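**Q** My structure is in coords_23.txt, and what it holds is compact mmCIF, C-alpha atoms:
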```
# COMPACT_ATOMS: atom_id res chain seq x y z
CA MET A 138 -18.49 -98.92 49.32
CA LYS A 139 -15.61 -99.76 47.04
CA TYR A 140 -17.15 -98.72 43.75
CA PRO A 141 -18.69 -95.34 43.03
CA PRO A 142 -22.28 -95.69 41.82
CA THR A 143 -23.44 -95.05 38.29
CA PRO A 144 -25.45 -91.80 38.40
CA GLY A 145 -29.12 -91.75 37.43
CA GLN A 146 -30.71 -89.75 34.62
CA THR A 147 -34.27 -88.71 33.91
CA VAL A 148 -36.67 -91.32 32.55
CA GLY A 149 -37.50 -88.70 29.90
CA PRO A 150 -40.74 -88.38 27.95
CA PHE A 151 -40.47 -91.52 25.83
CA PHE A 152 -40.66 -94.41 28.32
CA HIS A 153 -44.26 -95.39 27.63
CA ASP A 154 -43.46 -98.03 25.00
CA ALA A 155 -40.78 -99.56 27.21
CA LEU A 156 -41.59 -99.56 30.91
CA PRO A 157 -45.36 -99.82 31.42
CA TYR A 158 -46.66 -103.29 30.57
CA PHE A 159 -49.94 -105.13 30.42
CA GLY A 160 -51.10 -105.93 33.94
CA GLY A 161 -48.35 -103.85 35.49
CA SER A 162 -50.67 -102.03 37.85
CA ASP A 163 -52.73 -105.11 38.78
CA LEU A 164 -50.85 -106.92 41.53
CA VAL A 165 -54.01 -108.91 42.17
CA PRO A 166 -56.89 -109.68 39.80
CA PRO A 167 -60.53 -108.62 40.24
CA GLY A 168 -62.25 -110.68 42.90
CA HIS A 169 -59.08 -111.38 44.85
CA PRO A 170 -59.80 -111.51 48.60
CA GLY A 171 -58.72 -108.30 50.30
CA ARG A 172 -58.26 -106.48 47.00
CA ILE A 173 -57.76 -102.74 47.48
CA HIS A 174 -57.25 -99.71 45.29
CA LEU A 175 -54.08 -97.67 45.86
CA HIS A 176 -54.18 -94.52 43.81
CA GLY A 177 -53.22 -90.88 43.72
CA THR A 178 -51.97 -87.96 41.68
CA VAL A 179 -48.41 -86.79 41.07
CA PHE A 180 -48.11 -82.98 41.27
CA ASP A 181 -45.37 -80.52 40.34
CA GLY A 182 -44.33 -77.42 42.28
CA ALA A 183 -47.13 -75.35 40.78
CA GLY A 184 -49.73 -77.89 41.88
CA THR A 185 -50.18 -79.06 38.29
CA PRO A 186 -50.69 -82.80 37.80
CA ILE A 187 -47.83 -84.53 35.98
CA PRO A 188 -49.11 -86.61 33.05
CA ASP A 189 -45.74 -88.14 32.21
CA ALA A 190 -44.64 -89.69 35.49
CA LEU A 191 -44.17 -93.35 36.32
CA VAL A 192 -44.88 -94.81 39.74
CA GLU A 193 -43.65 -98.17 41.00
CA ILE A 194 -44.67 -99.92 44.18
CA TRP A 195 -42.92 -102.77 45.95
CA GLN A 196 -44.64 -104.25 48.94
CA ALA A 197 -45.02 -107.12 51.33
CA ASP A 198 -48.00 -109.44 50.95
CA ALA A 199 -50.96 -109.29 53.29
CA GLY A 200 -49.07 -111.46 55.79
CA GLY A 201 -46.04 -109.15 55.84
CA SER A 202 -43.72 -111.31 53.74
CA ALA A 203 -41.58 -110.11 50.84
CA SER A 204 -42.49 -112.16 47.77
CA ARG A 205 -39.62 -114.07 46.16
CA ALA A 206 -41.80 -115.13 43.23
CA THR A 207 -41.08 -114.24 39.61
CA GLY A 208 -43.84 -113.22 37.22
CA SER A 209 -44.38 -109.50 37.73
CA LEU A 210 -44.07 -108.85 33.97
CA ARG A 211 -46.34 -111.74 32.97
CA ARG A 212 -48.84 -112.17 35.71
CA ASP A 213 -50.59 -115.50 36.08
CA GLY A 214 -53.43 -114.06 38.19
CA PHE A 215 -52.59 -116.25 41.17
CA THR A 216 -49.04 -115.43 42.26
CA PHE A 217 -48.47 -112.32 44.35
CA THR A 218 -45.12 -110.84 43.32
CA GLY A 219 -45.33 -107.57 45.26
CA PHE A 220 -44.20 -105.34 42.39
CA GLY A 221 -46.32 -102.97 40.35
CA ARG A 222 -45.71 -100.25 37.79
CA ALA A 223 -48.11 -97.59 36.52
CA ALA A 224 -47.65 -94.56 34.27
CA THR A 225 -49.69 -91.52 35.20
CA ASP A 226 -52.58 -90.68 32.91
CA GLY A 227 -53.51 -87.33 31.36
CA THR A 228 -54.75 -86.10 34.74
CA GLY A 229 -51.55 -87.08 36.57
CA GLY A 230 -53.30 -90.02 38.20
CA TYR A 231 -51.89 -93.47 38.89
CA SER A 232 -53.74 -96.52 40.12
CA PHE A 233 -52.89 -99.96 41.48
CA SER A 234 -55.05 -102.94 42.30
CA THR A 235 -53.38 -104.80 45.14
CA VAL A 236 -53.72 -105.93 48.75
CA ALA A 237 -52.78 -103.96 51.85
CA PRO A 238 -49.25 -104.96 52.89
CA GLY A 239 -48.88 -106.55 56.29
CA PRO A 240 -46.24 -105.29 58.73
CA ILE A 241 -42.93 -107.06 58.10
CA ALA A 242 -42.02 -107.11 61.80
CA PRO A 243 -44.55 -107.49 64.63
CA ALA A 244 -46.03 -104.13 65.71
CA SER A 245 -44.19 -102.24 62.98
CA ALA A 246 -45.99 -99.84 60.66
CA ALA A 247 -46.91 -101.31 57.28
CA PHE A 248 -45.97 -99.38 54.15
CA PHE A 249 -45.60 -99.56 50.41
CA SER A 250 -42.16 -98.65 49.06
CA VAL A 251 -42.80 -96.16 46.26
CA CYS A 252 -40.44 -95.11 43.47
CA VAL A 253 -41.24 -92.08 41.31
CA PHE A 254 -39.90 -91.18 37.87
CA ALA A 255 -40.92 -88.36 35.53
CA ARG A 256 -39.81 -86.30 32.61
CA GLY A 257 -38.13 -83.30 34.23
CA LEU A 258 -37.15 -85.33 37.30
CA LEU A 259 -33.43 -85.93 36.89
CA ASP A 260 -33.19 -89.00 39.12
CA ARG A 261 -35.70 -91.38 40.65
CA LEU A 262 -37.17 -90.58 44.05
CA LEU A 263 -38.00 -93.14 46.71
CA THR A 264 -40.59 -92.68 49.40
CA ARG A 265 -43.01 -94.70 51.55
CA ALA A 266 -46.78 -94.79 51.61
CA TYR A 267 -47.78 -95.91 55.10
CA LEU A 268 -51.15 -97.49 55.76
CA PRO A 269 -53.32 -95.31 57.97
CA GLY A 270 -55.16 -96.56 61.04
CA ASP A 271 -52.59 -98.27 63.24
CA ASP A 272 -51.84 -95.14 65.26
CA ALA A 273 -49.63 -96.86 67.83
CA SER A 274 -47.32 -98.34 65.18
CA LEU A 275 -47.23 -95.10 63.19
CA ALA A 276 -46.37 -93.13 66.31
CA ALA A 277 -43.48 -95.49 67.03
CA ASP A 278 -42.15 -95.72 63.47
CA PRO A 279 -38.46 -94.70 63.36
CA LEU A 280 -38.72 -92.82 60.08
CA LEU A 281 -41.93 -90.97 60.94
CA VAL A 282 -40.58 -90.06 64.35
CA SER A 283 -37.46 -88.60 62.74
CA LEU A 284 -39.56 -86.15 60.70
CA PRO A 285 -40.94 -82.77 61.70
CA PRO A 286 -44.60 -83.40 62.65
CA GLU A 287 -45.95 -81.31 59.77
CA ARG A 288 -44.19 -83.48 57.20
CA ARG A 289 -45.24 -86.90 58.55
CA SER A 290 -48.63 -86.74 56.94
CA THR A 291 -47.08 -86.60 53.45
CA LEU A 292 -46.13 -90.27 53.92
CA ILE A 293 -49.42 -91.59 55.24
CA ALA A 294 -52.02 -92.70 52.71
CA ALA A 295 -55.62 -91.60 53.25
CA PRO A 296 -58.42 -94.17 53.39
CA ASP A 297 -61.19 -94.00 50.80
CA ALA A 298 -64.09 -96.22 49.76
CA HIS A 299 -62.00 -98.93 48.08
CA GLY A 300 -58.56 -98.53 49.58
CA PHE A 301 -56.08 -95.71 49.93
CA VAL A 302 -55.16 -92.44 48.30
CA PHE A 303 -51.50 -91.42 48.19
CA ASP A 304 -50.75 -88.18 46.37
CA ILE A 305 -47.14 -87.36 45.53
CA ARG A 306 -45.99 -83.74 45.49
CA LEU A 307 -42.54 -83.29 43.98
CA GLN A 308 -42.16 -79.72 45.19
CA GLY A 309 -43.74 -76.92 47.15
CA GLU A 310 -46.50 -76.93 49.71
CA GLY A 311 -47.02 -80.38 51.16
CA GLU A 312 -43.87 -81.61 49.38
CA THR A 313 -43.62 -85.36 49.87
CA VAL A 314 -40.73 -86.56 52.01
CA PHE A 315 -38.28 -88.36 49.73
CA LEU A 316 -35.68 -90.69 51.11
CA TRP A 317 -31.97 -91.20 50.90
CA HIS A 318 -30.75 -94.51 52.22
CA GLY A 319 -27.04 -93.94 52.23
CA SER A 320 -25.06 -97.09 52.03
CA ARG A 321 -23.20 -99.38 54.27
CA MET B 222 -44.89 -81.12 23.27
CA ALA B 223 -44.91 -80.07 26.88
CA GLU B 224 -41.18 -79.34 26.82
CA LEU B 225 -42.12 -75.78 25.86
CA MET B 226 -40.95 -73.38 28.52
CA THR B 227 -43.62 -71.68 30.48
CA THR B 228 -41.49 -69.71 32.90
CA THR B 229 -39.95 -67.26 30.45
CA PRO B 230 -41.58 -65.91 27.32
CA GLU B 231 -38.48 -66.13 25.16
CA ARG B 232 -36.70 -69.35 24.68
CA ALA B 233 -33.04 -69.41 25.66
CA THR B 234 -30.37 -69.98 23.05
CA GLN B 235 -27.67 -72.62 23.29
CA ASP B 236 -25.26 -69.83 24.26
CA ASP B 237 -27.53 -68.85 27.16
CA VAL B 238 -27.65 -72.44 28.36
CA ASN B 239 -23.88 -72.84 27.95
CA GLU B 240 -23.40 -69.81 30.18
CA GLU B 241 -25.70 -71.26 32.84
CA ILE B 242 -23.86 -74.58 32.71
CA ALA B 243 -20.47 -72.82 32.94
CA ALA B 244 -21.61 -70.79 35.95
CA ILE B 245 -22.61 -73.96 37.79
CA VAL B 246 -19.25 -75.59 36.94
CA LYS B 247 -17.41 -72.52 38.22
CA GLU B 248 -19.33 -72.63 41.48
CA TYR B 249 -18.69 -76.37 41.82
CA ASP B 250 -14.96 -76.01 41.14
CA ALA B 251 -14.74 -73.27 43.76
CA ALA B 252 -16.48 -75.54 46.28
CA LEU B 253 -14.02 -78.35 45.50
CA ALA B 254 -11.12 -75.94 45.95
CA ASP B 255 -12.60 -75.07 49.34
CA GLY B 256 -12.50 -78.73 50.30
CA ALA B 257 -16.00 -79.91 49.43
CA ALA B 258 -16.35 -83.61 48.63
CA PRO B 259 -16.77 -84.44 44.94
CA GLU B 260 -20.39 -85.08 43.95
CA VAL B 261 -21.21 -88.58 42.81
CA ALA B 262 -24.90 -88.21 42.01
CA THR B 263 -27.08 -86.32 39.56
CA ARG B 264 -28.41 -83.00 40.74
CA LEU B 265 -32.18 -82.89 40.96
CA ASP B 266 -32.16 -79.09 40.97
CA TYR B 267 -30.50 -78.18 37.68
CA PRO B 268 -32.10 -75.08 36.10
CA PRO B 269 -30.46 -75.44 32.64
CA TYR B 270 -32.83 -78.42 32.23
CA ARG B 271 -36.01 -76.35 32.17
CA SER B 272 -38.42 -79.19 32.82
CA SER B 273 -36.74 -79.78 36.18
CA LEU B 274 -37.68 -76.35 37.54
CA LEU B 275 -41.00 -77.45 39.00
CA ARG B 276 -40.18 -81.13 39.25
CA HIS B 277 -37.40 -81.31 41.83
CA PRO B 278 -37.85 -81.47 45.61
CA THR B 279 -36.74 -78.28 47.33
CA LYS B 280 -36.12 -80.05 50.63
CA ASP B 281 -33.12 -82.29 51.17
CA LEU B 282 -33.69 -86.00 50.79
CA HIS B 283 -34.39 -87.40 54.24
CA HIS B 284 -31.99 -90.04 55.49
CA ALA B 285 -33.70 -93.27 56.41
CA ASP B 286 -32.32 -96.67 57.28
CA PRO B 287 -33.83 -99.16 54.86
CA GLU B 288 -36.40 -101.34 56.56
CA GLY B 289 -38.68 -104.22 55.76
CA ILE B 290 -39.58 -104.47 52.11
CA GLU B 291 -36.91 -101.92 51.15
CA LEU B 292 -34.27 -104.52 51.98
CA TRP B 293 -35.61 -106.80 49.24
CA ALA B 294 -36.08 -106.40 45.51
CA PRO B 295 -38.61 -107.81 43.07
CA VAL B 296 -37.52 -111.09 41.54
CA PHE B 297 -37.73 -111.55 37.79
CA GLY B 298 -37.08 -114.75 35.90
CA GLU B 299 -37.26 -116.64 32.63
CA ARG B 300 -41.02 -116.55 32.98
CA ASP B 301 -41.02 -112.74 32.72
CA ILE B 302 -39.18 -112.22 29.46
CA ASP B 303 -38.37 -113.94 26.20
CA ALA B 304 -34.70 -114.45 25.34
CA LEU B 305 -35.39 -112.78 21.98
CA GLU B 306 -36.17 -109.48 23.73
CA ALA B 307 -32.43 -108.87 24.12
CA ASP B 308 -32.10 -108.46 20.34
CA LEU B 309 -33.77 -105.23 19.21
CA THR B 310 -32.92 -105.94 15.57
CA ILE B 311 -35.14 -108.99 15.11
CA GLN B 312 -38.48 -107.77 16.40
CA HIS B 313 -40.02 -107.13 12.96
CA GLY B 314 -40.11 -108.58 9.46
CA GLY B 315 -36.90 -106.96 8.24
CA ASP B 316 -33.61 -105.50 9.36
CA PRO B 317 -33.68 -102.03 10.93
CA VAL B 318 -31.64 -99.32 9.26
CA GLY B 319 -28.43 -98.17 10.91
CA GLU B 320 -25.24 -99.33 12.54
CA ARG B 321 -25.74 -102.69 14.25
CA ILE B 322 -24.09 -102.75 17.69
CA VAL B 323 -23.77 -105.00 20.69
CA VAL B 324 -23.92 -103.29 24.07
CA THR B 325 -22.77 -105.43 26.97
CA GLY B 326 -21.45 -105.03 30.47
CA ARG B 327 -21.74 -106.06 34.05
CA VAL B 328 -24.14 -104.96 36.76
CA ILE B 329 -22.48 -104.93 40.17
CA ASP B 330 -23.33 -103.45 43.54
CA GLY B 331 -21.21 -100.96 45.44
CA ASP B 332 -19.16 -103.76 46.95
CA GLY B 333 -18.38 -105.22 43.55
CA ARG B 334 -20.71 -108.20 43.82
CA PRO B 335 -22.47 -109.21 40.58
CA VAL B 336 -26.20 -108.60 40.45
CA ARG B 337 -27.38 -111.99 39.22
CA GLY B 338 -30.49 -112.90 37.27
CA GLN B 339 -31.92 -109.41 37.52
CA LEU B 340 -34.02 -107.49 35.01
CA VAL B 341 -32.42 -104.93 32.68
CA GLU B 342 -34.72 -102.85 30.46
CA VAL B 343 -33.64 -100.53 27.63
CA TRP B 344 -35.29 -98.12 25.24
CA GLN B 345 -33.91 -95.79 22.62
CA ALA B 346 -34.40 -93.76 19.44
CA ASN B 347 -33.72 -95.33 16.04
CA ALA B 348 -30.70 -94.57 13.84
CA ALA B 349 -32.35 -91.36 12.64
CA GLY B 350 -32.97 -90.10 16.18
CA ARG B 351 -36.69 -90.88 16.20
CA TYR B 352 -38.59 -92.70 18.95
CA ILE B 353 -41.59 -94.85 18.14
CA HIS B 354 -43.39 -92.86 20.89
CA LYS B 355 -46.51 -91.03 19.76
CA ARG B 356 -45.33 -87.81 21.37
CA ASP B 357 -42.08 -87.70 19.41
CA GLN B 358 -42.67 -85.12 16.69
CA HIS B 359 -39.11 -85.00 15.32
CA PRO B 360 -39.46 -85.05 11.52
CA ALA B 361 -37.06 -87.94 11.06
CA PRO B 362 -38.25 -91.28 9.70
CA VAL B 363 -39.81 -93.94 11.87
CA ASP B 364 -38.21 -97.30 11.11
CA PRO B 365 -40.91 -99.94 10.59
CA ASN B 366 -38.35 -102.56 11.62
CA PHE B 367 -37.31 -100.95 14.87
CA THR B 368 -39.29 -100.39 18.07
CA GLY B 369 -36.25 -99.61 20.22
CA VAL B 370 -37.34 -101.53 23.33
CA GLY B 371 -35.50 -104.48 24.88
CA ARG B 372 -35.22 -106.56 28.04
CA CYS B 373 -32.89 -109.19 29.41
CA LEU B 374 -31.80 -110.85 32.64
CA THR B 375 -28.23 -110.61 33.89
CA ASP B 376 -26.32 -113.89 34.00
CA ASP B 377 -24.56 -115.44 36.98
CA ASP B 378 -21.68 -113.01 36.57
CA GLY B 379 -24.03 -109.99 36.38
CA GLN B 380 -23.54 -109.62 32.62
CA TYR B 381 -26.21 -108.21 30.34
CA ARG B 382 -26.04 -108.10 26.55
CA PHE B 383 -28.19 -106.37 23.93
CA THR B 384 -27.97 -106.34 20.16
CA THR B 385 -29.39 -103.12 18.75
CA ILE B 386 -28.86 -100.20 16.37
CA LYS B 387 -26.79 -97.18 17.32
CA PRO B 388 -29.31 -94.45 18.14
CA GLY B 389 -29.07 -91.03 16.52
CA PRO B 390 -29.00 -87.70 18.34
CA TYR B 391 -32.29 -85.83 18.32
CA PRO B 392 -33.64 -82.31 18.87
CA TRP B 393 -35.74 -81.33 21.87
CA LYS B 394 -37.40 -78.17 23.09
CA ASN B 395 -35.38 -77.25 26.17
CA HIS B 396 -33.96 -74.26 24.31
CA LEU B 397 -33.42 -73.15 20.73
CA ASN B 398 -31.48 -75.68 18.68
CA ALA B 399 -31.21 -78.09 21.61
CA TRP B 400 -29.96 -81.59 20.71
CA ARG B 401 -29.59 -84.62 22.94
CA PRO B 402 -26.41 -86.69 22.57
CA ALA B 403 -27.18 -90.21 21.32
CA HIS B 404 -28.13 -92.43 24.24
CA VAL B 405 -29.80 -95.63 25.36
CA HIS B 406 -32.10 -95.49 28.39
CA PHE B 407 -31.41 -98.21 30.98
CA SER B 408 -33.61 -99.39 33.87
CA LEU B 409 -32.05 -101.55 36.59
CA PHE B 410 -32.91 -103.37 39.78
CA GLY B 411 -30.52 -104.62 42.41
CA THR B 412 -31.03 -106.96 45.32
CA GLU B 413 -32.66 -104.23 47.41
CA PHE B 414 -35.30 -101.82 46.14
CA THR B 415 -33.22 -98.85 47.35
CA GLN B 416 -30.79 -99.70 44.52
CA ARG B 417 -33.40 -98.96 41.84
CA LEU B 418 -31.78 -97.04 38.98
CA VAL B 419 -32.94 -95.49 35.73
CA THR B 420 -30.22 -93.83 33.71
CA GLN B 421 -28.87 -93.24 30.21
CA MET B 422 -25.83 -94.72 28.48
CA TYR B 423 -23.93 -92.48 26.09
CA PHE B 424 -21.40 -93.15 23.33
CA PRO B 425 -17.76 -92.08 23.55
CA GLY B 426 -16.69 -88.77 22.05
CA ASP B 427 -20.13 -87.31 21.44
CA PRO B 428 -19.73 -83.63 20.43
CA LEU B 429 -23.05 -82.81 22.13
CA PHE B 430 -21.90 -83.69 25.67
CA ALA B 431 -20.84 -80.16 26.58
CA LEU B 432 -24.12 -78.71 25.30
CA ASP B 433 -26.56 -81.10 26.96
CA PRO B 434 -28.10 -80.01 30.27
CA ILE B 435 -29.28 -83.53 31.13
CA TYR B 436 -25.77 -85.01 30.82
CA GLN B 437 -24.28 -81.94 32.54
CA SER B 438 -26.69 -82.28 35.48
CA ILE B 439 -24.06 -84.68 36.82
CA VAL B 440 -21.75 -81.83 37.65
CA ASP B 441 -18.64 -83.81 38.53
CA PRO B 442 -16.85 -84.84 35.30
CA ARG B 443 -15.63 -88.15 36.73
CA ALA B 444 -19.14 -89.04 37.82
CA ARG B 445 -20.78 -88.21 34.50
CA GLU B 446 -18.12 -90.08 32.53
CA ARG B 447 -19.46 -93.20 34.26
CA LEU B 448 -22.38 -92.96 31.84
CA VAL B 449 -20.19 -93.19 28.74
CA ALA B 450 -19.66 -96.62 27.19
CA THR B 451 -16.29 -97.74 25.86
CA TYR B 452 -15.75 -99.00 22.34
CA ASP B 453 -14.51 -102.57 22.71
CA HIS B 454 -13.06 -104.34 19.71
CA ASP B 455 -13.33 -107.65 21.55
CA VAL B 456 -17.10 -107.17 21.54
CA THR B 457 -17.09 -106.17 17.88
CA GLN B 458 -17.86 -109.12 15.60
CA HIS B 459 -16.27 -109.88 12.25
CA GLU B 460 -18.42 -108.56 9.39
CA TRP B 461 -21.40 -108.23 11.69
CA CYS B 462 -21.45 -105.42 14.26
CA THR B 463 -19.41 -103.06 16.41
CA GLY B 464 -19.31 -103.47 20.17
CA TYR B 465 -19.57 -101.30 23.25
CA ARG B 466 -18.98 -102.15 26.88
CA TRP B 467 -20.66 -100.37 29.75
CA ASP B 468 -20.56 -101.55 33.36
CA ILE B 469 -23.16 -100.36 35.84
CA VAL B 470 -22.61 -99.95 39.58
CA LEU B 471 -25.65 -99.85 41.83
CA THR B 472 -25.51 -98.39 45.31
CA GLY B 473 -24.45 -100.46 48.26
CA THR B 474 -26.63 -102.99 50.01
CA HIS B 475 -27.85 -102.97 53.59
CA ARG B 476 -29.29 -106.39 54.22
CA THR B 477 -27.20 -108.83 56.18
CA PRO B 478 -26.42 -111.63 53.74
CA VAL B 479 -28.40 -114.79 54.37
CA GLU B 480 -28.43 -118.17 52.71
CA GLU B 481 -30.71 -117.07 49.90
CA ASP B 482 -28.13 -114.52 48.82
CA GLU B 483 -25.65 -117.37 48.26
```
Take the structure in this file and express it as structure tokens.
**A**
Amino acid sequence: MKYPPTPGQTVGPFFHDALPYFGGSDLVPPGHPGRIHLHGTVFDGAGTPIPDALVEIWQADAGGSASRATGSLRRDGFTFTGFGRAATDGTGGYSFSTVAPGPIAPASAAFFSVCVFARGLLDRLLTRAYLPGDDASLAADPLLVSLPPERRSTLIAAPDAHGFVFDIRLQGEGETVFLWHGSR
Amino acid sequence: MAELMTTTPERATQDDVNEEIAAIVKEYDAALADGAAPEVATRLDYPPYRSSLLRHPTKDLHHADPEGIELWAPVFGERDIDALEADLTIQHGGDPVGERIVVTGRVIDGDGRPVRGQLVEVWQANAAGRYIHKRDQHPAPVDPNFTGVGRCLTDDDGQYRFTTIKPGPYPWKNHLNAWRPAHVHFSLFGTEFTQRLVTQMYFPGDPLFALDPIYQSIVDPRARERLVATYDHDVTQHEWCTGYRWDIVLTGTHRTPVEEDE
């Protein structure tokens, strides 16, 4: 890298009028085939839910392709753009309506890329929410394999009635694995 | 507001916080003298910013090679925003109060390539240091002509440009008599999602820099000065507004360039 990066700063407490937007958490509309609910709670190191966090997801479509379509900020209800943004509510919960991402490469484990911001969090954190179920792909996943076994589960969403639950713990017991990607 | 400290019964003074900041600087300088590499990033664990105490990971970030979707970024276009969103001074019936400014600069990646056609989002306090946000209780006037929220797309050279009002400094509850230096929040995307950045742009010469634990959480002075805009008289417009320039560098990219990347 030739140029040193601009450092990040906290999103602060006053992002709600700027970053969340109408339809931001609805990557697909009601009735969309394969529609699922991806939701969870963001917790601090005391196990207290964080009501002023912001969660973004970026994902492949059901077929495993990265969308190159515009329109995430003004959804037309038909185009899958792969990007979603949701502020946590008063109970620290976030919620997306989307489809399960397909694996981008054959036999690879499918995941959502997840970015977390919060007041009190000085820079954004990136992580992955893997889909549960495909045990062979999960067992062979390079990132999961590189983790101590007890931490792998923090990156694997849990199935529920309408989709998946992915809780995010910024600190402490069950602390989510957050990623650093270095640079070329 | 939830900025109230819960870990200690008595709120620290500015002097207390200054001492904590100075101790961290001393430790950092000693590490540099011992041959440590200069830090380029913001510390997540920075106790002078009280709200970070329970909100930073205690384990090191885990190195991962970007894969799959991480090697791509969301695409935004003309369909997503209105060109008028880049001017924060024309969103209401009248002119907002304060010093009209243009803030412009270039978004590039770590290799110096322009980030083209990508979304830039900003938000800020008004000239009196008050956010429109319902949780801002600072007893300074709300400006009915200023929301303080803008968006634009970078051009083919990676340039963004906003017209706005210079924000005021404002008090917060980190410690007694705590004041944030004036700043504009920026949200940026690159060509890969791993380049996602939310940060704050500051104005040159702010007397609050040394006192602010959020600004000081970038411990290396050269790194934190990257957040300070430059006054640029070539951006300033005759009898209209003053101008600031601030370039933004995202982290490097990993994807092997293909035709779509031009």
**Q** Is it possible to get the axis-aligned box enclosing segment 405-409 of chain B (all listed atoms, 4 Å extra per side) as AutoDock Vina command-line options, with centre and edge lengths in Å rounded to one decimal?
**A**
```
--center_x -31.7 --center_y -98.5 --center_z 31.0 --size_x 11.8 --size_y 14.1 --size_z 19.2
```
**Q** I need the residue nearest Leu263 of chain A from this list: A:His318, A:Lys139, A:His174, A:His169. Use all atoms listed in the file for the distance.
**A**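 Of A:His318, A:Lys139, A:His174, A:His169, the one nearest Leu263 of chain A is A:His318, counting all atoms listed in the file.
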**Q** Write out as a VMD selection string every residue belonging to chain A that has an atom at most 8 Å from any atom of chain B, counting all atoms listed in the file.
**A** chain A and resid 138 to 148 151 to 156 181 to 183 195 to 197 203 to 211 218 to 220 241 to 242 249 to 250 256 to 261 263 280 307 to 309 312 314 to 321
**Q** Could you give me, as a VMD selection string, the residues that sit within 9 Å of (-53.2, -94.6, 42.8) in the file's coordinates, counting all atoms listed in the file?
**A** chain A and resid 174 to 178 192 223 225 230 to 234 301 to 304
**Q** At a cut-off of 7 Å around the point (-30.3, -103.6, 23.6) (file coordinates), what residues fall inside when counting all atoms listed in the file? I'd like the answer as a list in words.
**A**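 Nearby residues: Ala307, Asp308, Leu309, Val324, Val343, Gly371, Arg382, Phe383, Thr384 and Thr385 of chain B.
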**Q** Which value, in Å to one decimal, gives the distance between atom CA of Asp455 of chain B and atom CA of Asp427 of chain B?
**A**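 These atoms are spaced 21.4 Å apart.
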**Q** Kindly give the distance, in Å, that separates atom CA of Arg337 of chain B and atom CA of Thr325 of chain B, rounded to a single decimal.
**A** 14.6 Å
**Q** Determine the nearest neighbour of Asp226 of chain A from the options A:Pro157, A:Pro238, A:Pro167, A:Gly300, counting only C-alpha atoms.
**A**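 Checking each candidate against Asp226 of chain A, we get A:Pro157 as the closest.
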**Q** Skip Val179 of chain A itself and residues of its chain fewer than 6 positions away, then list as an MDAnalysis selection string all residues within 6 Å of it, counting only C-alpha atoms.
**A** chainID A and resid 186:187 229 304:306
**Q** Kindly save the residues from that selection, with C-alpha atoms included, as a PDB file, in the frame of the given file.
**A**
```
ATOM      1  CA  PRO A 186     -50.690 -82.800  37.800  1.00  0.00           C
ATOM      2  CA  ILE A 187     -47.830 -84.530  35.980  1.00  0.00           C
ATOM      3  CA  GLY A 229     -51.550 -87.080  36.570  1.00  0.00           C
ATOM      4  CA  ASP A 304     -50.750 -88.180  46.370  1.00  0.00           C
ATOM      5  CA  ILE A 305     -47.140 -87.360  45.530  1.00  0.00           C
ATOM      6  CA  ARG A 306     -45.990 -83.740  45.490  1.00  0.00           C
TER       7      ARG A 306
END
```
**Q** Give me the residues within 10 Å of Pro362 of chain B as a list in words, counting all atoms listed in the file and dropping any in the same chain fewer than 3 places off.
**A** Asn347, Ala348, Ala349, Gly350, Arg351, Tyr352, Ile353, His359 and Pro365 of chain B
**Q** Take atom CA of Val328 of chain B and atom CA of Leu409 of chain B and report the distance between them in Å, one decimal.
**A**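 Computed distance, atom CA of Val328 of chain B to atom CA of Leu409 of chain B, equals 8.6 Å.
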**Q** At a cut-off of 7 Å, using all atoms listed in the file, what residues contact Leu191 of chain A? Leave out same-chain residues fewer than 2 positions from it and give the result as number ranges by chain.
**A** A: 189, 193, 223-225, 253-255
**Q** Could you rebuild segment 289-294 of chain A with N, CA, C and O atoms and give me the result as a PDB file, in the frame of the given file?
**A**
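What landed in out.pdb:
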```
ATOM      1  N   ARG A 289     -44.919 -85.464  58.433  1.00  0.00           N
ATOM      2  CA  ARG A 289     -45.240 -86.900  58.550  1.00  0.00           C
ATOM      3  C   ARG A 289     -46.427 -87.283  57.685  1.00  0.00           C
ATOM      4  O   ARG A 289     -46.458 -88.347  57.083  1.00  0.00           O
ATOM      5  N   SER A 290     -47.383 -86.391  57.628  1.00  0.00           N
ATOM      6  CA  SER A 290     -48.630 -86.740  56.940  1.00  0.00           C
ATOM      7  C   SER A 290     -48.419 -86.946  55.441  1.00  0.00           C
ATOM      8  O   SER A 290     -49.227 -87.596  54.783  1.00  0.00           O
ATOM      9  N   THR A 291     -47.310 -86.411  54.893  1.00  0.00           N
ATOM     10  CA  THR A 291     -47.080 -86.600  53.450  1.00  0.00           C
ATOM     11  C   THR A 291     -46.776 -88.061  53.129  1.00  0.00           C
ATOM     12  O   THR A 291     -46.805 -88.461  51.962  1.00  0.00           O
ATOM     13  N   LEU A 292     -46.478 -88.860  54.157  1.00  0.00           N
ATOM     14  CA  LEU A 292     -46.130 -90.270  53.920  1.00  0.00           C
ATOM     15  C   LEU A 292     -47.247 -91.227  54.320  1.00  0.00           C
ATOM     16  O   LEU A 292     -47.069 -92.447  54.229  1.00  0.00           O
ATOM     17  N   ILE A 293     -48.356 -90.700  54.779  1.00  0.00           N
ATOM     18  CA  ILE A 293     -49.420 -91.590  55.240  1.00  0.00           C
ATOM     19  C   ILE A 293     -50.592 -91.512  54.271  1.00  0.00           C
ATOM     20  O   ILE A 293     -51.148 -90.441  54.025  1.00  0.00           O
ATOM     21  N   ALA A 294     -50.916 -92.650  53.672  1.00  0.00           N
ATOM     22  CA  ALA A 294     -52.020 -92.700  52.710  1.00  0.00           C
ATOM     23  C   ALA A 294     -53.336 -92.411  53.436  1.00  0.00           C
ATOM     24  O   ALA A 294     -53.458 -92.615  54.642  1.00  0.00           O
TER      25      ALA A 294
END
```
